[in-house]
Amino acid sequence: MRSPLFSRRRSLRAGAAIAAATLCGSLLAACGGDQDDVPGADGKPVTLTFWGWAKGTQEVVADFNASHPDIRVTFEEIPSGNAGGYAKITNAVKAGNAPDVFNIEYPQLPDFVSQGAVQDISSLVDDSLKGKYLPQAAELTALGGRTWALPLDVAPQTFFYRKDLFRKAGITVPRTWDEFRDAAKKLKTAQPKTRIATFFPDDPTTFEAMAWQNGARWFTAEDDAWKVNLKGPETGKAADYWQKMVDDDLVQVQPSFSQQWTASLQKGETAGYLGASWGAGVLKANLGSAPGMDGNWAVAPMPTWDGQPASGMLGGTTFAVSKDSKKARAAVEFATWATTTPEGMKARIDSGTSSSYPAATALLPVAKKAFDTKFYGGQDIYGLYAEAAESIKPGWTWGPVMGVTNGSLKDSFGKVAGKTGTIQDALTTAQQATLDEFKNRGLKVAP
Amino acid sequence: MTTRTARSATSRAASSRRRGRYGAPAVLLAPFLLLFTACTLVPVGYAIHLSLYTEQRGGLGFGGTETLFTGWGNYARALKDDAFLEGFANIALYCLMYIPLMIALALALALLLDSALARAKRFFQLALFIPHAVPGIIAALIWMYLYTPGISPVLDLLETAGTRPDLLGNPLPAVVNMALWQWTGYNVVIFYAALQAIPREVLEAAVVDGAGPVRTAISIKMPLIRASLAMVGLFTVIGSLQLFTEPMILHGTAPAVTSAWTPNMYAYTAAFERSDYGLAAASSVLLAAAAALLSFAVTRLARPRPESRKERAA
């Protein structure tokens with residue numbers, strides 16, 4: 001592994017130097033009033049490279065290219081962020097051969113900005129464009145007073161469940177976490193092998209959304225220093241709750257989106273999924289062909305602590321322009337089209353696999369019309385999403401070293417699965433790892 | 001000895017001939033040296049260079065980065081990081097479990113193949129070697145499938161029999177099993193070749209002296225293939241330090257395999273998940289140094305002592 005890795009590193013260096021040189025050159029050229037990304041300036045379309053993995057992207061790019069003769073987007077599908085996509089993007093940025101536009105989820109955006117991988121697009125995004133997005137989404141793409149990305153979707157938490165299994169066990173849809181626990185017990189009594197949902201030991205973001213839903217704020221930027229608080233009472237409450245669910249064997253403990261998870265859903269050993277809006281498409285794609293699934297699933301709002309609607313956000317994708325791209329204007333045009341126009345949204349949802357909830361809320365009717373809800377028995381799932389999206393708690397910020405924070409949590413959550421550690425331990429370790437990384441990177445921490 | 005005399009003879013030869021003498025080796029060595037420099041020396045040099053720098057951000061972190069010289073800073077951080085040291089501990093445990101098992105198994109199989117009683121030798125040689133021909137990643141994926149409850153037919157069978165082994169929760173035996181499956185057959189072939197090279201008259205003498213097959217195997221054959229045993233041991237230790245593919249594949253499904261389960265995974269995570277290239281380079285250099293030290297120690301230990309050689313001569 002070592003030699004190819006480091007020889008690549010070496011060429012990265014050279015690449016970066018070349019990129020820097022060309023950047024200087026282009027700045028000079030820009031003074032002469034001759035930008036690379038003015039479409040059709042030399043009669044040829046601007047070519048944009050774009051990396052992403054969100055469902056339905058291929059269709060969006062095809063429709064964009066068909067309707068925009070002056071911009072030609074070349075799409076390359078990469079593995080989803082945590083499955084290697086982010087590593088690929090980081091490396092490409094370091095090597096100076098990054099795509100012009102790439103997808104990045106809200107949690108990773110500050111980390112990427114902080115690494116200098118993302119271009120500041122404030123000057124290309126006016127207030128009328130910003131106003132089209134749900135405020136909670138716009139808030140997450142503005143860091144340090146600048147705009148760094150355009151939000152594609154918001155991902156309010158939702159609870160997917162098997163209607164038939166719930167009916168058989170005689171349980172109604174839980175509205176609070178207490179009811180959820182009772183439902184889990186009843187379900188287990190009725191069907192000893194079946195659990196109500198899954199604790200994902202490999203995916204801290206699901207737990208983070210639970211903390212967010214309860215009003216926790218892990219990261220707060222105060223003046224020019226960060227406050228890091230993974231150990232607040234709101235997070236603690238969620239941690240204790242889930243610890244007890246795992247200890248009492250009321251939830252499955254399986255990696256997210258693993259074959260194990262899919263198999264257990266197909267066998268009816270898992271009767272629910274605590275996910276987010278985009279999960280409707282994922283479930284449909286994973287289970288649609290399995291017998292006895294079609295029409296038996298339904299979507300419910302996330303249970304809450306007090307019965308009042310509240311939601312965190314689980315994932316959610318944005319479009320960012322890479323640091324060295326000289327085609328930012330065309331890139332933003334493409335991203336704007338993909339995120340705010342009915343055509344862009346329709347192309348994505350029409351692909352049949354995406355159930356994203358548009359960050360540009362005016363597109364809600366388009367998305368609703370395009371997503372086939374037969375799998376969910378024709379339920380109005382977008383109506384439910386709309387309420388859930390409104391209930392997303394504002395004020396949550398992702399930290400600038402989420403790679404380290406999540407990496408640490410993930411490793412310790414493995415111990416939760418192996419019963420050799422607790423969620424509270426994991427949070428203590430992650431808090432320390434995060435602060436260490438802040439120090440290592442020279443980031444300021446509020447006293 | 002004879003080559004050495006020949007070489008000193010050439011050094012005394014006329015200088016015009018000397019160029020011709022060195023020209024051929026230079027031409028023959030050039031491709032190796034070129035590739036070695038480009039693919040090993042330069043990357044290692046660059047890794048050392050990288051390991052001395054760190055990337056700093058400052059403030060909230062949204063104002064760009066700068067690269068600073070940090071000297072031994074990254075090395076100190078790696079050595080102070082429990083996760084990195086735990087990786088070495090995992091490797092040590094892995095070696096303790098894997099190497100004796102693998103060598104014993106491979107040796108036993110090779111001795112059986114070599115014994116006069118064995119039938120269909122060629123078939124068994126090939127059959128034992130086949131697992132090694134399967135690429136490591138593919139083998140790891142197949143094993144992962146077999147380890148995963150809910151989809152593994154083997155585990156389903158065991159569950160109907162009443163046991164529910166948690167293979168993914170105990171990664172060490174799981175990884176050792178994969179390595180055994182992949183490498184035992186390969187080493188059987190090495191041992192078997194060494195056994196075939198033992199002079200037949202020695203074995204005949206043992207039989208004449210009244211040694212049975214077991215006695216011959218233990219007292220005659222095993223000491224005579226000592227060099228092969230040492231070589232296999234050395235390669236296995238070095239290979240174990242580099243352990244990466246199997247645990248990395250398991251990492252996706254088995255939460256017990258942490259992101260820094262082996263030192264190589266630590267370097268990978270540092271580079272590709274934490275974007276800390278300095279730390280990744282420093283930990284890789286430390287790993288390489290550990291491998292070099294270890295191979296030096298193993299070669300020294302495995303070398304027969306001069307006294308014992310004298311005894312044998314007598």
# chains A, B, ... in the order shown; residues from 1 in each chain; ligands from 1
>>> closest_atom_pairs(of="region 51-143 of chain A", to="region 317-329 of chain A", cutoff="6 Å", atoms="only C-alpha atoms", output="Markdown table")
| residue | atom | partner | partner_atom | distance |
| --- | --- | --- | --- | --- |
| A:Asp100 | CA | A:Ser325 | CA | 5.1 |
| A:Val101 | CA | A:Val321 | CA | 4.6 |
| A:Phe102 | CA | A:Ala320 | CA | 5.5 |
| A:Asn103 | CA | A:Phe319 | CA | 4.8 |
| A:Ile104 | CA | A:Thr318 | CA | 5.3 |
| A:Glu105 | CA | A:Thr317 | CA | 4.2 |
| A:Ala117 | CA | A:Lys323 | CA | 5.1 |
| A:Val118 | CA | A:Lys323 | CA | 4.6 |
| A:Gln119 | CA | A:Lys323 | CA | 4.3 |
>>> closest_atom_pairs(of="chain B", to="chain A", cutoff="7 Å", atoms="only C-alpha atoms", output="Markdown table")
| residue | atom | partner | partner_atom | distance |
| --- | --- | --- | --- | --- |
| B:Cys39 | CA | A:Ser3 | CA | 6.2 |
| B:Thr40 | CA | A:Ser3 | CA | 6.2 |
| B:Pro43 | CA | A:Phe6 | CA | 5.2 |
| B:Tyr46 | CA | A:Arg10 | CA | 6.9 |
| B:Ala47 | CA | A:Phe6 | CA | 6.5 |
| B:Glu55 | CA | A:Arg441 | CA | 6.7 |
| B:Gln56 | CA | A:Arg441 | CA | 4.7 |
| B:Arg57 | CA | A:Arg441 | CA | 5.7 |
| B:Gly58 | CA | A:Leu443 | CA | 4.6 |
| B:Gly59 | CA | A:Lys444 | CA | 5.0 |
| B:Leu60 | CA | A:Asp224 | CA | 5.4 |
| B:Gly61 | CA | A:Ser114 | CA | 4.9 |
| B:Phe62 | CA | A:Ser114 | CA | 4.9 |
| B:Gly64 | CA | A:Gly116 | CA | 5.3 |
| B:Thr65 | CA | A:Gly116 | CA | 6.4 |
| B:Thr148 | CA | A:Gln260 | CA | 6.7 |
| B:Pro149 | CA | A:Gln260 | CA | 6.9 |
| B:Gly150 | CA | A:Gln260 | CA | 6.0 |
| B:Ile151 | CA | A:Gln260 | CA | 6.6 |
| B:Gly169 | CA | A:Gly418 | CA | 6.3 |
| B:Thr253 | CA | A:Pro255 | CA | 6.1 |
| B:Pro255 | CA | A:Gly414 | CA | 4.2 |
| B:Ala256 | CA | A:Gly414 | CA | 5.1 |
| B:Thr258 | CA | A:Asp411 | CA | 5.1 |
| B:Ser259 | CA | A:Asp411 | CA | 6.5 |
| B:Phe272 | CA | A:Ala87 | CA | 5.0 |
| B:Glu273 | CA | A:Gly403 | CA | 5.7 |
| B:Arg274 | CA | A:Gly403 | CA | 5.2 |
>>> select_by_dssp(residues="region 221-264 of chain A", states="strand (DSSP E or B)", output="number ranges by chain")
A: 221-222, 225-228, 252-253
>>> residues_around(residues="region 235-243 of chain A", least_positions_apart="5", cutoff="7 Å", atoms="only C-alpha atoms", output="number ranges by chain")
A: 210-211, 216, 230, 422-424
>>> write_last_selection(atoms="N, CA and C atoms", output="PDB file, in the first residue's frame")
ATOM      1  N   MET A 210     -30.426  12.595  16.846  1.00  0.00           N
ATOM      2  CA  MET A 210     -31.233  12.444  18.067  1.00  0.00           C
ATOM      3  C   MET A 210     -30.878  13.536  19.086  1.00  0.00           C
ATOM      4  N   ALA A 211     -29.577  13.808  19.208  1.00  0.00           N
ATOM      5  CA  ALA A 211     -29.138  14.851  20.144  1.00  0.00           C
ATOM      6  C   ALA A 211     -29.630  16.214  19.672  1.00  0.00           C
ATOM      7  N   ALA A 216     -29.665  19.771  21.574  1.00  0.00           N
ATOM      8  CA  ALA A 216     -28.232  19.871  21.866  1.00  0.00           C
ATOM      9  C   ALA A 216     -27.555  20.747  20.819  1.00  0.00           C
ATOM     10  N   LEU A 230     -20.072  18.058  23.661  1.00  0.00           N
ATOM     11  CA  LEU A 230     -20.720  16.792  23.345  1.00  0.00           C
ATOM     12  C   LEU A 230     -21.326  16.163  24.584  1.00  0.00           C
ATOM     13  N   THR A 422     -19.909   2.293  26.751  1.00  0.00           N
ATOM     14  CA  THR A 422     -21.241   2.897  26.701  1.00  0.00           C
ATOM     15  C   THR A 422     -21.229   4.099  25.768  1.00  0.00           C
ATOM     16  N   ILE A 423     -22.431   4.570  25.436  1.00  0.00           N
ATOM     17  CA  ILE A 423     -22.531   5.742  24.566  1.00  0.00           C
ATOM     18  C   ILE A 423     -21.936   6.948  25.280  1.00  0.00           C
ATOM     19  N   GLN A 424     -22.157   7.052  26.592  1.00  0.00           N
ATOM     20  CA  GLN A 424     -21.578   8.167  27.351  1.00  0.00           C
ATOM     21  C   GLN A 424     -20.046   8.140  27.270  1.00  0.00           C
TER      22      GLN A 424
END
>>> residues_around(residues="Tyr192 (chain B)", least_positions_apart="5", cutoff="9 Å", atoms="only C-alpha atoms", output="list of chain:residue names")
B:Leu107, B:Leu109, B:Ala110, B:Leu111, B:Leu113, B:Asp114, B:Gln125, B:Asn187, B:Ala197
>>> write_last_selection(atoms="N, CA and C atoms", output="PDB file, in the first residue's frame")
ATOM      1  N   LEU B 107       3.567 -27.330   8.069  1.00  0.00           N
ATOM      2  CA  LEU B 107       4.624 -28.321   8.211  1.00  0.00           C
ATOM      3  C   LEU B 107       4.024 -29.724   8.249  1.00  0.00           C
ATOM      4  N   LEU B 109       1.215 -30.753   7.017  1.00  0.00           N
ATOM      5  CA  LEU B 109       0.703 -31.130   5.697  1.00  0.00           C
ATOM      6  C   LEU B 109       1.849 -31.466   4.744  1.00  0.00           C
ATOM      7  N   ALA B 110       2.934 -30.667   4.808  1.00  0.00           N
ATOM      8  CA  ALA B 110       4.065 -30.898   3.913  1.00  0.00           C
ATOM      9  C   ALA B 110       4.711 -32.238   4.234  1.00  0.00           C
ATOM     10  N   LEU B 111       4.850 -32.568   5.532  1.00  0.00           N
ATOM     11  CA  LEU B 111       5.460 -33.842   5.914  1.00  0.00           C
ATOM     12  C   LEU B 111       4.582 -35.010   5.474  1.00  0.00           C
ATOM     13  N   LEU B 113       2.591 -34.964   2.869  1.00  0.00           N
ATOM     14  CA  LEU B 113       2.742 -35.060   1.413  1.00  0.00           C
ATOM     15  C   LEU B 113       4.048 -35.755   1.067  1.00  0.00           C
ATOM     16  N   ASP B 114       5.070 -35.502   1.877  1.00  0.00           N
ATOM     17  CA  ASP B 114       6.408 -36.010   1.591  1.00  0.00           C
ATOM     18  C   ASP B 114       6.554 -37.472   2.021  1.00  0.00           C
ATOM     19  N   GLN B 125      -1.236 -31.104  -3.652  1.00  0.00           N
ATOM     20  CA  GLN B 125      -0.403 -29.901  -3.732  1.00  0.00           C
ATOM     21  C   GLN B 125      -1.197 -28.759  -4.358  1.00  0.00           C
ATOM     22  N   ASN B 187       2.593 -21.996   1.980  1.00  0.00           N
ATOM     23  CA  ASN B 187       3.776 -22.394   2.734  1.00  0.00           C
ATOM     24  C   ASN B 187       3.994 -23.905   2.707  1.00  0.00           C
ATOM     25  N   ALA B 197      14.257 -31.614  -1.438  1.00  0.00           N
ATOM     26  CA  ALA B 197      15.672 -31.357  -1.708  1.00  0.00           C
ATOM     27  C   ALA B 197      16.586 -32.094  -0.729  1.00  0.00           C
TER      28      ALA B 197
END
>>> residues_around(residues="Phe191 (chain B)", least_positions_apart="5", cutoff="12 Å", atoms="only C-alpha atoms", output="PyMOL selection string")
chain B and resi 103-114+125+184-186+196-198+221-222+224-233
>>> atom_distance(atom1="CA of Val154 (chain B)", atom2="CA of Phe199 (chain A)")
25.1 Å
>>> select_by_dssp(residues="region 110-315 of chain A", states="helix (DSSP H, G or I)", output="short mmCIF file (atom, residue, chain, number, x, y, z; two decimals) with N, CA and C atoms, in the first residue's frame")
data_model
loop_
_atom_site.label_atom_id
_atom_site.label_comp_id
_atom_site.auth_asym_id
_atom_site.auth_seq_id
_atom_site.Cartn_x
_atom_site.Cartn_y
_atom_site.Cartn_z
N PRO A 110 -18.18 22.05 6.95
CA PRO A 110 -17.21 22.89 7.67
C PRO A 110 -15.80 22.29 7.64
N ASP A 111 -15.70 20.97 7.73
CA ASP A 111 -14.39 20.32 7.69
C ASP A 111 -13.71 20.60 6.35
N PHE A 112 -14.46 20.46 5.28
CA PHE A 112 -13.90 20.70 3.95
C PHE A 112 -13.53 22.17 3.76
N VAL A 113 -14.38 23.06 4.25
CA VAL A 113 -14.07 24.49 4.13
C VAL A 113 -12.78 24.77 4.90
N SER A 114 -12.71 24.20 6.09
CA SER A 114 -11.57 24.43 6.96
C SER A 114 -10.28 23.87 6.37
N SER A 122 -19.78 33.36 -2.12
CA SER A 122 -20.66 34.43 -1.64
C SER A 122 -21.02 35.42 -2.75
N SER A 123 -20.02 35.77 -3.58
CA SER A 123 -20.27 36.81 -4.58
C SER A 123 -21.19 36.33 -5.69
N LEU A 124 -21.36 35.01 -5.81
CA LEU A 124 -22.19 34.47 -6.89
C LEU A 124 -23.59 34.09 -6.42
N ASP A 127 -29.19 37.38 -2.53
CA ASP A 127 -30.17 37.14 -1.47
C ASP A 127 -31.43 36.47 -2.00
N SER A 128 -31.80 36.78 -3.26
CA SER A 128 -33.03 36.18 -3.77
C SER A 128 -32.85 34.67 -3.92
N LEU A 129 -31.64 34.25 -4.29
CA LEU A 129 -31.37 32.81 -4.39
C LEU A 129 -31.38 32.19 -2.99
N LYS A 130 -30.69 32.86 -2.06
CA LYS A 130 -30.63 32.34 -0.69
C LYS A 130 -32.03 32.19 -0.11
N PRO A 135 -34.67 28.16 5.69
CA PRO A 135 -33.64 28.88 6.46
C PRO A 135 -32.66 27.96 7.19
N GLN A 136 -33.18 26.84 7.73
CA GLN A 136 -32.28 25.93 8.46
C GLN A 136 -31.19 25.37 7.53
N ALA A 137 -31.53 25.21 6.24
CA ALA A 137 -30.54 24.69 5.29
C ALA A 137 -29.54 25.77 4.91
N ALA A 138 -30.05 26.98 4.65
CA ALA A 138 -29.16 28.08 4.28
C ALA A 138 -28.17 28.34 5.41
N GLU A 139 -28.67 28.23 6.64
CA GLU A 139 -27.84 28.47 7.82
C GLU A 139 -26.63 27.52 7.86
N LEU A 140 -26.85 26.28 7.41
CA LEU A 140 -25.79 25.27 7.50
C LEU A 140 -24.75 25.42 6.40
N THR A 141 -25.08 26.22 5.36
CA THR A 141 -24.11 26.39 4.28
C THR A 141 -23.39 27.73 4.39
N LYS A 163 -46.41 -1.53 8.69
CA LYS A 163 -47.79 -1.45 9.18
C LYS A 163 -48.30 -2.82 9.64
N ASP A 164 -48.04 -3.85 8.79
CA ASP A 164 -48.60 -5.18 9.09
C ASP A 164 -48.04 -5.74 10.40
N LEU A 165 -46.73 -5.56 10.61
CA LEU A 165 -46.13 -6.11 11.84
C LEU A 165 -46.62 -5.35 13.07
N PHE A 166 -46.78 -4.03 12.94
CA PHE A 166 -47.28 -3.24 14.05
C PHE A 166 -48.71 -3.67 14.40
N ARG A 167 -49.51 -3.88 13.35
CA ARG A 167 -50.90 -4.28 13.58
C ARG A 167 -50.95 -5.62 14.30
N LYS A 168 -50.12 -6.56 13.81
CA LYS A 168 -50.10 -7.90 14.39
C LYS A 168 -49.74 -7.85 15.88
N TRP A 177 -40.82 9.19 22.86
CA TRP A 177 -39.78 8.17 23.02
C TRP A 177 -40.19 7.14 24.07
N ASP A 178 -40.99 7.56 25.05
CA ASP A 178 -41.49 6.58 26.04
C ASP A 178 -42.41 5.57 25.37
N GLU A 179 -43.30 6.11 24.52
CA GLU A 179 -44.20 5.20 23.79
C GLU A 179 -43.41 4.29 22.86
N PHE A 180 -42.32 4.85 22.31
CA PHE A 180 -41.49 4.07 21.39
C PHE A 180 -40.89 2.86 22.13
N ARG A 181 -40.44 3.11 23.34
CA ARG A 181 -39.86 2.03 24.14
C ARG A 181 -40.91 0.96 24.47
N ASP A 182 -42.12 1.43 24.83
CA ASP A 182 -43.20 0.48 25.11
C ASP A 182 -43.53 -0.35 23.88
N ALA A 183 -43.59 0.35 22.74
CA ALA A 183 -43.90 -0.34 21.49
C ALA A 183 -42.83 -1.39 21.19
N ALA A 184 -41.57 -1.02 21.44
CA ALA A 184 -40.47 -1.95 21.20
C ALA A 184 -40.64 -3.21 22.04
N LYS A 185 -41.05 -3.02 23.31
CA LYS A 185 -41.23 -4.17 24.21
C LYS A 185 -42.37 -5.07 23.71
N LYS A 186 -43.49 -4.41 23.35
CA LYS A 186 -44.66 -5.19 22.91
C LYS A 186 -44.33 -5.98 21.65
N LEU A 187 -43.61 -5.32 20.76
CA LEU A 187 -43.27 -5.97 19.49
C LEU A 187 -42.40 -7.19 19.76
N LYS A 188 -41.45 -7.04 20.69
CA LYS A 188 -40.54 -8.14 21.01
C LYS A 188 -41.31 -9.29 21.66
N THR A 189 -42.30 -8.93 22.49
CA THR A 189 -43.10 -9.98 23.13
C THR A 189 -43.91 -10.74 22.08
N ALA A 190 -44.50 -9.97 21.15
CA ALA A 190 -45.34 -10.60 20.13
C ALA A 190 -44.50 -11.46 19.19
N PRO A 204 -22.43 7.40 13.50
CA PRO A 204 -22.77 8.34 14.58
C PRO A 204 -23.79 9.40 14.16
N THR A 205 -23.99 9.61 12.86
CA THR A 205 -24.86 10.73 12.47
C THR A 205 -26.31 10.51 12.90
N THR A 206 -26.74 9.25 12.95
CA THR A 206 -28.11 8.99 13.40
C THR A 206 -28.26 9.41 14.86
N PHE A 207 -27.26 9.08 15.66
CA PHE A 207 -27.32 9.50 17.06
C PHE A 207 -27.22 11.02 17.17
N GLU A 208 -26.39 11.62 16.35
CA GLU A 208 -26.25 13.08 16.38
C GLU A 208 -27.58 13.77 16.10
N ALA A 209 -28.33 13.18 15.16
CA ALA A 209 -29.64 13.76 14.86
C ALA A 209 -30.56 13.67 16.08
N MET A 210 -30.43 12.60 16.85
CA MET A 210 -31.23 12.44 18.07
C MET A 210 -30.88 13.54 19.09
N ALA A 211 -29.58 13.81 19.21
CA ALA A 211 -29.14 14.85 20.14
C ALA A 211 -29.63 16.21 19.67
N TRP A 212 -29.51 16.44 18.37
CA TRP A 212 -29.96 17.69 17.75
C TRP A 212 -31.46 17.87 18.01
N GLN A 213 -32.22 16.78 17.81
CA GLN A 213 -33.67 16.85 18.01
C GLN A 213 -34.00 17.29 19.44
N PRO A 233 -26.55 18.15 28.79
CA PRO A 233 -27.66 17.33 29.30
C PRO A 233 -28.59 16.83 28.20
N GLU A 234 -28.76 17.63 27.11
CA GLU A 234 -29.65 17.19 26.03
C GLU A 234 -29.09 15.94 25.35
N THR A 235 -27.77 15.98 25.11
CA THR A 235 -27.13 14.82 24.49
C THR A 235 -27.16 13.63 25.45
N GLY A 236 -26.91 13.93 26.73
CA GLY A 236 -26.87 12.87 27.74
C GLY A 236 -28.18 12.11 27.81
N LYS A 237 -29.29 12.84 27.70
CA LYS A 237 -30.60 12.21 27.78
C LYS A 237 -30.77 11.21 26.63
N ALA A 238 -30.41 11.65 25.42
CA ALA A 238 -30.51 10.77 24.26
C ALA A 238 -29.57 9.57 24.42
N ALA A 239 -28.36 9.83 24.95
CA ALA A 239 -27.37 8.76 25.11
C ALA A 239 -27.88 7.70 26.07
N ASP A 240 -28.42 8.13 27.22
CA ASP A 240 -28.91 7.16 28.20
C ASP A 240 -30.06 6.34 27.66
N TYR A 241 -30.94 7.04 26.91
CA TYR A 241 -32.10 6.35 26.34
C TYR A 241 -31.65 5.22 25.41
N TRP A 242 -30.72 5.56 24.49
CA TRP A 242 -30.30 4.55 23.52
C TRP A 242 -29.45 3.47 24.15
N GLN A 243 -28.69 3.84 25.18
CA GLN A 243 -27.91 2.85 25.89
C GLN A 243 -28.85 1.78 26.47
N LYS A 244 -29.95 2.26 27.03
CA LYS A 244 -30.90 1.34 27.66
C LYS A 244 -31.59 0.47 26.60
N MET A 245 -31.88 1.07 25.46
CA MET A 245 -32.50 0.29 24.39
C MET A 245 -31.56 -0.84 23.94
N VAL A 246 -30.26 -0.53 23.86
CA VAL A 246 -29.28 -1.55 23.45
C VAL A 246 -29.12 -2.58 24.56
N ASP A 247 -28.97 -2.11 25.81
CA ASP A 247 -28.77 -3.02 26.94
C ASP A 247 -29.93 -3.99 27.11
N GLN A 259 -25.56 -5.57 4.43
CA GLN A 259 -26.34 -6.72 3.96
C GLN A 259 -27.13 -7.31 5.12
N GLN A 260 -26.50 -7.26 6.29
CA GLN A 260 -27.12 -7.78 7.50
C GLN A 260 -28.43 -7.04 7.79
N TRP A 261 -28.35 -5.71 7.69
CA TRP A 261 -29.51 -4.86 7.95
C TRP A 261 -30.61 -5.14 6.93
N THR A 262 -30.22 -5.19 5.65
CA THR A 262 -31.20 -5.44 4.60
C THR A 262 -31.85 -6.81 4.79
N ALA A 263 -31.02 -7.82 5.10
CA ALA A 263 -31.55 -9.17 5.27
C ALA A 263 -32.55 -9.20 6.41
N SER A 264 -32.22 -8.47 7.50
CA SER A 264 -33.10 -8.52 8.65
C SER A 264 -34.41 -7.76 8.38
N LEU A 265 -34.36 -6.74 7.55
CA LEU A 265 -35.60 -6.06 7.14
C LEU A 265 -36.44 -6.99 6.27
N GLN A 266 -35.77 -7.69 5.37
CA GLN A 266 -36.50 -8.56 4.45
C GLN A 266 -37.17 -9.71 5.19
N GLY A 279 -34.66 8.44 3.21
CA GLY A 279 -34.74 7.00 3.49
C GLY A 279 -35.87 6.31 2.75
N ALA A 280 -36.92 7.07 2.39
CA ALA A 280 -38.04 6.45 1.69
C ALA A 280 -37.56 5.84 0.38
N GLY A 281 -36.72 6.57 -0.34
CA GLY A 281 -36.18 6.07 -1.60
C GLY A 281 -35.25 4.89 -1.37
N VAL A 282 -34.44 4.98 -0.31
CA VAL A 282 -33.47 3.91 -0.02
C VAL A 282 -34.20 2.61 0.32
N LEU A 283 -35.21 2.70 1.19
CA LEU A 283 -35.96 1.50 1.58
C LEU A 283 -36.63 0.87 0.36
N LYS A 284 -37.24 1.74 -0.45
CA LYS A 284 -37.94 1.26 -1.62
C LYS A 284 -36.96 0.55 -2.56
N ALA A 285 -35.77 1.13 -2.74
CA ALA A 285 -34.79 0.54 -3.64
C ALA A 285 -34.25 -0.77 -3.07
N ASN A 286 -34.05 -0.83 -1.74
CA ASN A 286 -33.47 -2.02 -1.14
C ASN A 286 -34.47 -3.16 -0.99
N LEU A 287 -35.72 -2.81 -0.75
CA LEU A 287 -36.70 -3.84 -0.39
C LEU A 287 -37.79 -4.03 -1.42
#
>>> atom_distance(atom1="CA of Ser391 (chain A)", atom2="CA of Phe375 (chain A)")
25.4 Å
>>> residues_around(residues="Ala83 (chain B)", least_positions_apart="3", cutoff="7 Å", atoms="only C-alpha atoms", output="VMD selection string")
chain B and resid 86 to 87 260
